[in-house]
Amino acid sequence: MTAEEATTPQVERPPASVAGPWGWARANLFSTPWNTFLTLASIAVLGWALPPALDWLIFNAVWGHVKPEVCKQADGACWAFISEKYRLILFGRYPFKEQWRPVLAVCALIAMIIFSCNRRFWRAWLGAVWLAGLAIFGTLMWGGVFGLMPVETNLWGGLPLTLILAVVGVVVAFPLSILLALGRRSRMPIVRSFSVAYIELIRGVPLISLLFMASFMLPLFLPNTIKINALLRAQVAIIMFTAAYLAEVVRGGLQSIPKGQYEAAQALGLGFGQMMWKVVLPQAIRAVIPPIVNTFIGMFKDTSLVAIVSLTDLLLATKQAISDPNWRAFFIEGYVFVAFIYFIFCFFMSKYSQHLEKSLRAGERR
Amino acid sequence: MATAVQQAAAQGPVIEMTGVHKWYGQFHVLRDINLSVALGERIVICGPSGSGKSTMIRCINRLEEHQKGRIVVQGIELTNDLKQIDATRREVGMVFQQFNLFPHLTVMENLTLAPIWVRKMPKKDAEAVAMKYLQRVRIPEQADKYPGQLSGGQQQRVAIARALCMNPKVMLFDEPTSALDPEMIKEVLDVMIELAKDGMTMLCVTHEMGFARTVANRVIFMDKGEIVEQNAPEEFFNHPKSERTKLFLSQILHN
Ligand SMILES: Nc1ncnc2c1ncn2[C@@H]1O[C@H](COP(=O)(O)OP(=O)(O)O)[C@@H](O)[C@H]1O
Ligand SMILES: [Mg+2]
């Protein structure tokens, strides 16, 4: 050991010109005339756009609880509007006194999402954790037990509604899409035809029309005695739509797996299910993490379309807040606020997907 | 060795192919293949590219389906019965030209996957078995690496160990050294020679004629989907009978 250490040459450091902030800037920002031009142009655009934006957003903005008249005098944003209306935006028409319940429900949902992000917990029992978590969410929101006042789903609104539509959408649509993708590649003609027909049909119509159909046409076909909850119908439409899109993404992943992987699994005696679950799907899905997350992000924002079947999601709740005649002038602030909420969630998804890709690829580079 | 083969022959062949034909569409890939393999026998199959060597050995574990004739492995005939196919595959190990290791699993996980899920072996036992075979192929220190971090020769040795972990009665090799850089061929052949010495029944598609001379009981020459000639290695190399064999041998031995 010591002999080896003695012969190890001194660690040589890179020359200062390529290390440190200056080296980095020279290599990345000013490496060519064109690159230098782009750098300078970007700085100019930022210098032109950023100060007025910051003035409006922060320095000239009106904060705290004040009358709309005060806002009208100011040059900047009127965040007083948000202070006044944030509960309507975040919780819709949920009974005002009971709004601690959606707060807790949203916290439970977010806690569960963060918990599930850890790969160490990707075990069979995670499914049970999710069932329990969704039960807690439902109990808090619905009430009717433990002395909680019952609240019908038509009064649910805002962030909890958007989140539950998106989360249940992901959790149910993902496994469904895997089945559809496998079905589309199946050798059994009936399974294959069904999968192809489903994917093409659902993918070929706008989500809005699916929501309409689920909400207004389904009841026409069902007997009067059966009433399906409006939230459930919208949820089903979102799941069906997302599953069809996702199925094609997953199929792309399946196509990237070489035939040799199937053959090796078969030669070892693995059955179809074991081969798919242990060998093919783990590789196929990690190959398409970016487009999967892309689909989820799109779906998360598309939940705002449930507004047309009169569910008060985050965006519709914002519109209702804006419709107050006293505050109507401050619609931009409303949209900026709600955009910021959407952005936080989408940005988190994007960052997590990058992290996942990196950690799954660690060690197995070819 | 010879006595072991004779004994086994008395028990009946491990693999019996009779009148096997196969077509890809209109293309007749296998024509009337008749082959009987006794326990402990080591067979080398050679022949020009496209002559149907891979197709033939892949029919033995049903990676390809034959359309006419009978294939019986360990007394079980290969039909469309999935149970019998799976039973056969458990007893027949296969090593591919392209290794086909599972890149998302570590070496150890590659080796224990089938024992755990197919043989229902407890994880601890499966790992012990895996370690034994990793030592046999001389790379126990690589157990926790991913296939992508190994050299080609190491990967192929892992692939051999993976097949051995299922404790197969027969091993099929489809050009196991053809994808390797020259300096790695020997390390894989050495493992295969050791396996042969231990009495494993082997069918090996290869153009390594040195290997054929040292370990094979029988060399089979295939051309255009047919078994043209088969003989003990000495006879086969020194006194080839058919013109096609002579031509083939002159081509590969001169390179
Ligand atoms: N899946 C397939 N579909 C059609 N033709 C095939 C297929 N696989 C192999 N072949 C053809 O069958 C012949 C025999 O192939 P193969 O058994 O791989 O030959 P070898 O291993 O002796 O080189 C070749 O001509 C090849 O082109
Ligand atoms: Mg071949």
# chains A, B, ... in the order shown; residues from 1 in each chain; ligands from 1
call {"tool": "interface_residues", "arguments": {"of": "chain A", "to": "chain B", "cutoff": "10 Å", "atoms": "only C-alpha atoms", "output": "list in words"}}
result
Pro258, Lys259, Gly260, Gln261, Tyr262, Glu263, Ala264, Ala265, Gln266, Ala267, Leu268, Gly269, Leu270, Gly271, Gln274, Met275, Lys278, Val279, Val280, Pro282, Gln283, Arg286, Leu360, Arg361, Ala362, Gly363, Glu364, Arg365 and Arg366 of chain A
call {"tool": "write_last_selection", "arguments": {"atoms": "N, CA and C atoms", "output": "compact mmCIF listing (two decimals), in the first residue's frame"}}
result
# COMPACT_ATOMS: atom_id res chain seq x y z
N PRO A 258 -34.09 -4.42 -27.04
CA PRO A 258 -33.68 -5.37 -28.07
C PRO A 258 -34.28 -6.76 -27.85
N LYS A 259 -34.44 -7.47 -28.95
CA LYS A 259 -35.04 -8.80 -28.93
C LYS A 259 -34.26 -9.74 -28.01
N GLY A 260 -32.95 -9.53 -27.94
CA GLY A 260 -32.10 -10.39 -27.12
C GLY A 260 -32.51 -10.41 -25.65
N GLN A 261 -33.07 -9.30 -25.16
CA GLN A 261 -33.50 -9.27 -23.76
C GLN A 261 -34.65 -10.23 -23.52
N TYR A 262 -35.59 -10.25 -24.47
CA TYR A 262 -36.71 -11.19 -24.35
C TYR A 262 -36.19 -12.62 -24.42
N GLU A 263 -35.28 -12.85 -25.38
CA GLU A 263 -34.80 -14.21 -25.58
C GLU A 263 -34.03 -14.71 -24.37
N ALA A 264 -33.20 -13.83 -23.78
CA ALA A 264 -32.44 -14.25 -22.61
C ALA A 264 -33.39 -14.60 -21.47
N ALA A 265 -34.43 -13.78 -21.30
CA ALA A 265 -35.39 -14.04 -20.22
C ALA A 265 -36.12 -15.36 -20.47
N GLN A 266 -36.52 -15.58 -21.72
CA GLN A 266 -37.23 -16.82 -22.04
C GLN A 266 -36.31 -18.02 -21.86
N ALA A 267 -35.07 -17.88 -22.31
CA ALA A 267 -34.15 -19.01 -22.22
C ALA A 267 -33.91 -19.41 -20.78
N LEU A 268 -34.06 -18.45 -19.84
CA LEU A 268 -33.89 -18.77 -18.43
C LEU A 268 -35.15 -19.39 -17.83
N GLY A 269 -36.21 -19.45 -18.61
CA GLY A 269 -37.44 -20.06 -18.13
C GLY A 269 -38.42 -19.09 -17.48
N LEU A 270 -38.14 -17.79 -17.56
CA LEU A 270 -39.08 -16.82 -17.01
C LEU A 270 -40.39 -16.85 -17.80
N GLY A 271 -41.51 -16.78 -17.11
CA GLY A 271 -42.80 -16.71 -17.77
C GLY A 271 -43.03 -15.32 -18.34
N GLN A 274 -43.26 -12.55 -15.60
CA GLN A 274 -41.97 -12.30 -14.96
C GLN A 274 -41.02 -11.58 -15.90
N MET A 275 -41.04 -12.00 -17.16
CA MET A 275 -40.16 -11.38 -18.15
C MET A 275 -40.50 -9.90 -18.29
N LYS A 278 -39.88 -7.99 -14.66
CA LYS A 278 -38.53 -7.95 -14.11
C LYS A 278 -37.49 -7.48 -15.13
N VAL A 279 -37.73 -7.75 -16.39
CA VAL A 279 -36.69 -7.48 -17.38
C VAL A 279 -37.08 -6.36 -18.34
N VAL A 280 -38.25 -6.48 -18.95
CA VAL A 280 -38.57 -5.57 -20.06
C VAL A 280 -39.07 -4.21 -19.56
N PRO A 282 -38.95 -2.52 -16.62
CA PRO A 282 -38.03 -1.59 -15.95
C PRO A 282 -37.13 -0.85 -16.94
N GLN A 283 -36.68 -1.55 -17.96
CA GLN A 283 -35.82 -0.89 -18.95
C GLN A 283 -36.63 0.01 -19.86
N ARG A 286 -37.76 3.28 -17.97
CA ARG A 286 -36.73 4.27 -17.70
C ARG A 286 -36.21 4.90 -18.98
N LEU A 360 -31.23 6.52 -11.88
CA LEU A 360 -31.44 5.19 -12.45
C LEU A 360 -30.31 4.81 -13.39
N ARG A 361 -29.67 5.80 -13.97
CA ARG A 361 -28.60 5.47 -14.91
C ARG A 361 -27.25 5.32 -14.25
N ALA A 362 -27.18 5.73 -12.97
CA ALA A 362 -25.89 5.67 -12.29
C ALA A 362 -25.35 4.25 -12.35
N GLY A 363 -24.11 4.10 -12.77
CA GLY A 363 -23.48 2.78 -12.71
C GLY A 363 -23.72 1.90 -13.90
N GLU A 364 -24.75 2.19 -14.69
CA GLU A 364 -24.99 1.25 -15.78
C GLU A 364 -24.70 1.84 -17.14
N ARG A 365 -23.80 2.80 -17.17
CA ARG A 365 -23.43 3.36 -18.46
C ARG A 365 -22.70 2.33 -19.31
N ARG A 366 -22.97 2.37 -20.58
CA ARG A 366 -22.26 1.43 -21.46
C ARG A 366 -21.02 2.09 -22.03
call {"tool": "closest_atom_pairs", "arguments": {"of": "chain B", "to": "ligand 1", "cutoff": "10 Å", "atoms": "only C-alpha atoms and all ligand atoms", "output": "Markdown table"}}
result
| residue | atom | partner | partner_atom_place_in_ligand_line | distance |
| --- | --- | --- | --- | --- |
| B:Lys22 | CA | ligand 1 | 12 (O) | 9.5 |
| B:Trp23 | CA | ligand 1 | 5 (N) | 8.3 |
| B:Tyr24 | CA | ligand 1 | 4 (C) | 4.9 |
| B:Gly25 | CA | ligand 1 | 4 (C) | 7.2 |
| B:Gln26 | CA | ligand 1 | 4 (C) | 9.3 |
| B:Phe27 | CA | ligand 1 | 5 (N) | 7.2 |
| B:His28 | CA | ligand 1 | 12 (O) | 8.0 |
| B:Val29 | CA | ligand 1 | 12 (O) | 5.3 |
| B:Leu30 | CA | ligand 1 | 14 (C) | 8.0 |
| B:Ile45 | CA | ligand 1 | 22 (O) | 9.2 |
| B:Cys46 | CA | ligand 1 | 22 (O) | 7.9 |
| B:Gly47 | CA | ligand 1 | 22 (O) | 6.5 |
| B:Pro48 | CA | ligand 1 | 22 (O) | 6.2 |
| B:Ser49 | CA | ligand 1 | 23 (O) | 3.7 |
| B:Gly50 | CA | ligand 1 | 19 (O) | 3.5 |
| B:Ser51 | CA | ligand 1 | 22 (O) | 3.9 |
| B:Gly52 | CA | ligand 1 | 17 (O) | 3.2 |
| B:Lys53 | CA | ligand 1 | 22 (O) | 3.7 |
| B:Ser54 | CA | ligand 1 | 21 (O) | 3.6 |
| B:Thr55 | CA | ligand 1 | 17 (O) | 3.7 |
| B:Met56 | CA | ligand 1 | 17 (O) | 6.5 |
| B:Ile57 | CA | ligand 1 | 17 (O) | 8.4 |
| B:Arg58 | CA | ligand 1 | 17 (O) | 8.3 |
| B:Cys59 | CA | ligand 1 | 17 (O) | 9.9 |
| B:Glu64 | CA | ligand 1 | 1 (N) | 8.6 |
| B:Asp174 | CA | ligand 1 | 21 (O) | 7.7 |
| B:Glu175 | CA | ligand 1 | 21 (O) | 8.3 |
| B:Val205 | CA | ligand 1 | 21 (O) | 8.0 |
| B:Thr206 | CA | ligand 1 | 21 (O) | 9.7 |
| B:Met222 | CA | ligand 1 | 22 (O) | 7.7 |
| B:Asp223 | CA | ligand 1 | 22 (O) | 7.9 |
| B:Lys224 | CA | ligand 1 | 14 (C) | 8.0 |
| B:Gly225 | CA | ligand 1 | 14 (C) | 7.2 |
call {"tool": "write_last_selection", "arguments": {"atoms": "N, CA and C atoms", "output": "CSV table (one decimal), in the first residue's frame"}}
result
chain,number,residue,atom,x,y,z
B,22,LYS,N,-38.0,-26.5,-40.9
B,22,LYS,CA,-38.5,-25.2,-40.5
B,22,LYS,C,-38.4,-24.3,-41.7
B,23,TRP,N,-39.4,-23.5,-41.8
B,23,TRP,CA,-39.5,-22.5,-42.9
B,23,TRP,C,-39.6,-21.1,-42.3
B,24,TYR,N,-39.0,-20.1,-42.9
B,24,TYR,CA,-39.3,-18.7,-42.7
B,24,TYR,C,-40.1,-18.2,-43.9
B,25,GLY,N,-41.4,-18.1,-43.8
B,25,GLY,CA,-42.2,-17.9,-45.0
B,25,GLY,C,-42.0,-19.0,-46.0
B,26,GLN,N,-41.4,-18.6,-47.2
B,26,GLN,CA,-41.2,-19.6,-48.2
B,26,GLN,C,-39.8,-20.2,-48.1
B,27,PHE,N,-39.0,-19.6,-47.2
B,27,PHE,CA,-37.6,-20.0,-47.1
B,27,PHE,C,-37.3,-21.2,-46.2
B,28,HIS,N,-36.8,-22.2,-46.8
B,28,HIS,CA,-36.6,-23.5,-46.1
B,28,HIS,C,-35.3,-23.4,-45.3
B,29,VAL,N,-35.4,-23.1,-44.0
B,29,VAL,CA,-34.1,-22.9,-43.2
B,29,VAL,C,-33.6,-24.2,-42.7
B,30,LEU,N,-34.4,-25.1,-42.2
B,30,LEU,CA,-33.9,-26.4,-41.7
B,30,LEU,C,-34.6,-27.5,-42.5
B,45,ILE,N,-20.9,-27.4,-33.6
B,45,ILE,CA,-21.6,-27.2,-34.9
B,45,ILE,C,-20.9,-26.1,-35.7
B,46,CYS,N,-20.5,-26.4,-36.9
B,46,CYS,CA,-20.0,-25.3,-37.7
B,46,CYS,C,-20.6,-25.3,-39.1
B,47,GLY,N,-20.3,-24.3,-39.8
B,47,GLY,CA,-20.9,-24.2,-41.2
B,47,GLY,C,-20.9,-22.7,-41.6
B,48,PRO,N,-21.1,-22.5,-42.9
B,48,PRO,CA,-21.1,-21.1,-43.3
B,48,PRO,C,-22.2,-20.3,-42.7
B,49,SER,N,-22.0,-19.0,-42.7
B,49,SER,CA,-23.0,-18.1,-42.2
B,49,SER,C,-24.3,-18.2,-43.0
B,50,GLY,N,-25.4,-18.2,-42.2
B,50,GLY,CA,-26.8,-18.4,-42.9
B,50,GLY,C,-27.1,-19.8,-43.1
B,51,SER,N,-26.3,-20.8,-42.6
B,51,SER,CA,-26.7,-22.2,-42.9
B,51,SER,C,-27.7,-22.8,-42.0
B,52,GLY,N,-28.1,-22.0,-41.0
B,52,GLY,CA,-29.2,-22.5,-40.1
B,52,GLY,C,-28.7,-23.0,-38.8
B,53,LYS,N,-27.4,-22.8,-38.4
B,53,LYS,CA,-26.9,-23.3,-37.1
B,53,LYS,C,-27.7,-22.7,-35.9
B,54,SER,N,-27.8,-21.4,-35.9
B,54,SER,CA,-28.5,-20.7,-34.8
B,54,SER,C,-29.9,-21.2,-34.8
B,55,THR,N,-30.5,-21.2,-35.9
B,55,THR,CA,-31.9,-21.7,-35.9
B,55,THR,C,-32.1,-23.0,-35.3
B,56,MET,N,-31.2,-23.9,-35.7
B,56,MET,CA,-31.3,-25.3,-35.1
B,56,MET,C,-31.2,-25.3,-33.6
B,57,ILE,N,-30.2,-24.7,-33.1
B,57,ILE,CA,-30.1,-24.8,-31.6
B,57,ILE,C,-31.1,-24.0,-30.9
B,58,ARG,N,-31.6,-23.0,-31.6
B,58,ARG,CA,-32.7,-22.2,-30.9
B,58,ARG,C,-34.0,-22.9,-30.9
B,59,CYS,N,-34.2,-23.9,-31.8
B,59,CYS,CA,-35.4,-24.8,-31.8
B,59,CYS,C,-35.4,-25.7,-30.5
B,64,GLU,N,-37.2,-20.7,-31.3
B,64,GLU,CA,-37.8,-20.7,-32.7
B,64,GLU,C,-38.7,-22.0,-32.7
B,174,ASP,N,-24.3,-20.2,-28.7
B,174,ASP,CA,-24.4,-19.7,-30.1
B,174,ASP,C,-23.3,-18.7,-30.4
B,175,GLU,N,-22.3,-19.2,-31.0
B,175,GLU,CA,-21.1,-18.3,-31.3
B,175,GLU,C,-20.7,-17.5,-30.1
B,205,VAL,N,-22.2,-23.8,-31.2
B,205,VAL,CA,-22.0,-23.3,-32.5
B,205,VAL,C,-20.7,-22.4,-32.4
B,206,THR,N,-19.7,-22.8,-33.1
B,206,THR,CA,-18.5,-22.0,-33.0
B,206,THR,C,-17.6,-22.3,-34.2
B,222,MET,N,-22.9,-28.0,-41.0
B,222,MET,CA,-24.2,-27.7,-41.6
B,222,MET,C,-24.0,-26.8,-42.8
B,223,ASP,N,-24.8,-27.0,-43.8
B,223,ASP,CA,-24.8,-26.1,-45.0
B,223,ASP,C,-26.2,-26.1,-45.6
B,224,LYS,N,-26.7,-24.9,-45.9
B,224,LYS,CA,-28.0,-24.7,-46.5
B,224,LYS,C,-29.1,-25.5,-45.8
B,225,GLY,N,-29.1,-25.4,-44.4
B,225,GLY,CA,-30.2,-26.0,-43.7
B,225,GLY,C,-30.1,-27.5,-43.4
call {"tool": "closest_residue", "arguments": {"among": "B:His207, B:Arg213, B:Arg244, B:Lys68", "to": "ligand 2", "atoms": "only C-alpha atoms and all ligand atoms"}}
result
B:His207
call {"tool": "closest_residue", "arguments": {"among": "B:Gln67, B:Gln74, B:Asn231, B:Thr177", "to": "ligand 2", "atoms": "only C-alpha atoms and all ligand atoms"}}
result
B:Thr177
call {"tool": "closest_residue", "arguments": {"among": "A:Val145, A:Ala287, A:Val129, A:Ala25", "to": "A:Phe115", "atoms": "only C-alpha atoms"}}
result
A:Val129
call {"tool": "residues_around", "arguments": {"residues": "A:Pro290", "least_positions_apart": "4", "cutoff": "9 Å", "atoms": "only C-alpha atoms", "output": "ChimeraX atom specification"}}
result
/A:286,294-295,350,353-354,357
call {"tool": "write_last_selection", "arguments": {"atoms": "all heavy atoms", "output": "compact mmCIF listing (two decimals), in the first residue's frame"}}
result
# COMPACT_ATOMS: atom_id res chain seq x y z
N ARG A 286 -37.76 3.28 -17.97
CA ARG A 286 -36.73 4.27 -17.70
C ARG A 286 -36.21 4.90 -18.98
O ARG A 286 -35.71 6.01 -18.96
CB ARG A 286 -35.61 3.68 -16.85
CG ARG A 286 -34.55 2.92 -17.58
CD ARG A 286 -33.54 2.39 -16.61
NE ARG A 286 -34.20 1.73 -15.47
CZ ARG A 286 -33.53 1.12 -14.49
NH1 ARG A 286 -32.23 1.11 -14.50
NH2 ARG A 286 -34.17 0.55 -13.51
N ASN A 294 -43.52 14.44 -19.27
CA ASN A 294 -44.12 15.43 -20.16
C ASN A 294 -45.64 15.25 -20.23
O ASN A 294 -46.41 16.20 -20.11
CB ASN A 294 -43.51 15.24 -21.55
CG ASN A 294 -43.68 16.44 -22.41
OD1 ASN A 294 -43.81 17.54 -21.91
ND2 ASN A 294 -43.70 16.23 -23.71
N THR A 295 -46.06 14.01 -20.38
CA THR A 295 -47.50 13.72 -20.44
C THR A 295 -48.18 14.08 -19.12
O THR A 295 -49.28 14.64 -19.12
CB THR A 295 -47.70 12.22 -20.75
OG1 THR A 295 -46.94 11.88 -21.89
CG2 THR A 295 -49.16 11.92 -20.99
N SER A 350 -40.75 18.20 -13.22
CA SER A 350 -39.65 18.22 -14.18
C SER A 350 -38.32 17.92 -13.49
O SER A 350 -37.53 17.11 -13.96
CB SER A 350 -39.64 19.59 -14.84
OG SER A 350 -38.40 19.83 -15.41
N SER A 353 -38.07 14.31 -12.45
CA SER A 353 -37.80 13.39 -13.55
C SER A 353 -36.32 13.40 -13.91
O SER A 353 -35.72 12.37 -14.18
CB SER A 353 -38.68 13.72 -14.75
OG SER A 353 -37.97 14.41 -15.74
N GLN A 354 -35.70 14.60 -13.85
CA GLN A 354 -34.26 14.66 -14.12
C GLN A 354 -33.47 13.88 -13.09
O GLN A 354 -32.55 13.13 -13.41
CB GLN A 354 -33.79 16.12 -14.14
CG GLN A 354 -34.22 16.85 -15.39
CD GLN A 354 -34.01 18.35 -15.26
OE1 GLN A 354 -33.26 18.81 -14.42
NE2 GLN A 354 -34.71 19.11 -16.09
N GLU A 357 -33.94 10.11 -13.66
CA GLU A 357 -33.16 9.63 -14.80
C GLU A 357 -31.70 9.42 -14.40
O GLU A 357 -31.09 8.41 -14.72
CB GLU A 357 -33.18 10.68 -15.90
CG GLU A 357 -34.12 10.39 -17.02
CD GLU A 357 -33.99 11.51 -18.02
OE1 GLU A 357 -34.60 12.57 -17.82
OE2 GLU A 357 -33.24 11.32 -18.98
call {"tool": "select_by_dssp", "arguments": {"residues": "stretch 89-328 of chain A", "states": "alpha helix (DSSP H)", "output": "number ranges by chain"}}
result
A: 89-91, 100-116, 125-142, 159-184, 189-203, 207-212, 218-221, 230-255, 259-267, 272-274, 281-287, 289-302, 314-322
call {"tool": "residues_around", "arguments": {"residues": "B:Glu229", "least_positions_apart": "6", "cutoff": "9 Å", "atoms": "only C-alpha atoms", "output": "number ranges by chain"}}
result
B: 219-222, 236, 240-242, 245
call {"tool": "residues_around", "arguments": {"residues": "A:Pro175", "least_positions_apart": "6", "cutoff": "10 Å", "atoms": "only C-alpha atoms", "output": "JSON list (two decimals) with all heavy atoms, in the first residue's frame"}}
result
[["chain", "number", "residue", "atom", "x", "y", "z"],
["A", 181, "ALA", "N", -50.35, -0.60, -23.73],
["A", 181, "ALA", "CA", -49.17, -0.70, -24.59],
["A", 181, "ALA", "C", -48.82, -2.16, -24.85],
["A", 181, "ALA", "O", -48.51, -2.55, -25.97],
["A", 181, "ALA", "CB", -47.99, 0.01, -23.94],
["A", 243, "ALA", "N", -54.40, 7.77, -20.13],
["A", 243, "ALA", "CA", -53.93, 6.40, -20.38],
["A", 243, "ALA", "C", -53.66, 6.19, -21.87],
["A", 243, "ALA", "O", -52.68, 5.56, -22.24],
["A", 243, "ALA", "CB", -54.95, 5.39, -19.87],
["A", 246, "LEU", "N", -50.41, 8.03, -22.76],
["A", 246, "LEU", "CA", -49.27, 7.42, -22.11],
["A", 246, "LEU", "C", -48.96, 6.06, -22.72],
["A", 246, "LEU", "O", -47.80, 5.66, -22.80],
["A", 246, "LEU", "CB", -49.61, 7.26, -20.63],
["A", 246, "LEU", "CG", -48.50, 7.47, -19.62],
["A", 246, "LEU", "CD1", -47.74, 8.74, -19.92],
["A", 246, "LEU", "CD2", -49.10, 7.53, -18.23],
["A", 247, "ALA", "N", -50.00, 5.36, -23.17],
["A", 247, "ALA", "CA", -49.79, 4.02, -23.74],
["A", 247, "ALA", "C", -48.84, 4.11, -24.93],
["A", 247, "ALA", "O", -47.97, 3.24, -25.10],
["A", 247, "ALA", "CB", -51.13, 3.43, -24.17]]
call {"tool": "atom_distance", "arguments": {"atom1": "atom CA of A:Arg87", "atom2": "atom CA of A:Pro160"}}
result
12.0 Å
call {"tool": "decode", "arguments": {"residues": "stretch 44-58 of chain A", "atoms": "N, CA and C atoms", "output": "compact mmCIF listing (two decimals), in the first residue's frame"}}
result
# COMPACT_ATOMS: atom_id res chain seq x y z
N ALA A 44 -28.38 42.01 -22.55
CA ALA A 44 -29.12 43.22 -22.92
C ALA A 44 -30.63 43.01 -22.73
N VAL A 45 -31.13 41.85 -23.18
CA VAL A 45 -32.57 41.59 -23.07
C VAL A 45 -32.99 41.55 -21.60
N LEU A 46 -32.17 40.86 -20.79
CA LEU A 46 -32.48 40.79 -19.36
C LEU A 46 -32.49 42.18 -18.74
N GLY A 47 -31.47 42.97 -19.09
CA GLY A 47 -31.37 44.32 -18.54
C GLY A 47 -32.55 45.19 -18.93
N TRP A 48 -33.12 44.89 -20.10
CA TRP A 48 -34.24 45.69 -20.58
C TRP A 48 -35.55 45.24 -19.94
N ALA A 49 -35.70 43.91 -19.74
CA ALA A 49 -37.00 43.39 -19.31
C ALA A 49 -37.11 43.21 -17.80
N LEU A 50 -36.00 42.89 -17.17
CA LEU A 50 -36.08 42.49 -15.76
C LEU A 50 -36.47 43.63 -14.81
N PRO A 51 -35.81 44.81 -14.90
CA PRO A 51 -36.14 45.86 -13.92
C PRO A 51 -37.63 46.24 -13.90
N PRO A 52 -38.26 46.50 -15.07
CA PRO A 52 -39.68 46.83 -15.00
C PRO A 52 -40.52 45.69 -14.44
N ALA A 53 -40.17 44.45 -14.78
CA ALA A 53 -40.93 43.31 -14.27
C ALA A 53 -40.83 43.25 -12.76
N LEU A 54 -39.59 43.42 -12.23
CA LEU A 54 -39.42 43.37 -10.78
C LEU A 54 -40.14 44.54 -10.11
N ASP A 55 -40.10 45.72 -10.75
CA ASP A 55 -40.82 46.88 -10.20
C ASP A 55 -42.29 46.54 -10.03
N TRP A 56 -42.87 45.96 -11.11
CA TRP A 56 -44.31 45.66 -11.07
C TRP A 56 -44.61 44.59 -10.03
N LEU A 57 -43.79 43.51 -10.07
CA LEU A 57 -44.07 42.36 -9.21
C LEU A 57 -43.83 42.67 -7.74
N ILE A 58 -42.77 43.46 -7.44
CA ILE A 58 -42.34 43.57 -6.05
C ILE A 58 -42.29 45.01 -5.56
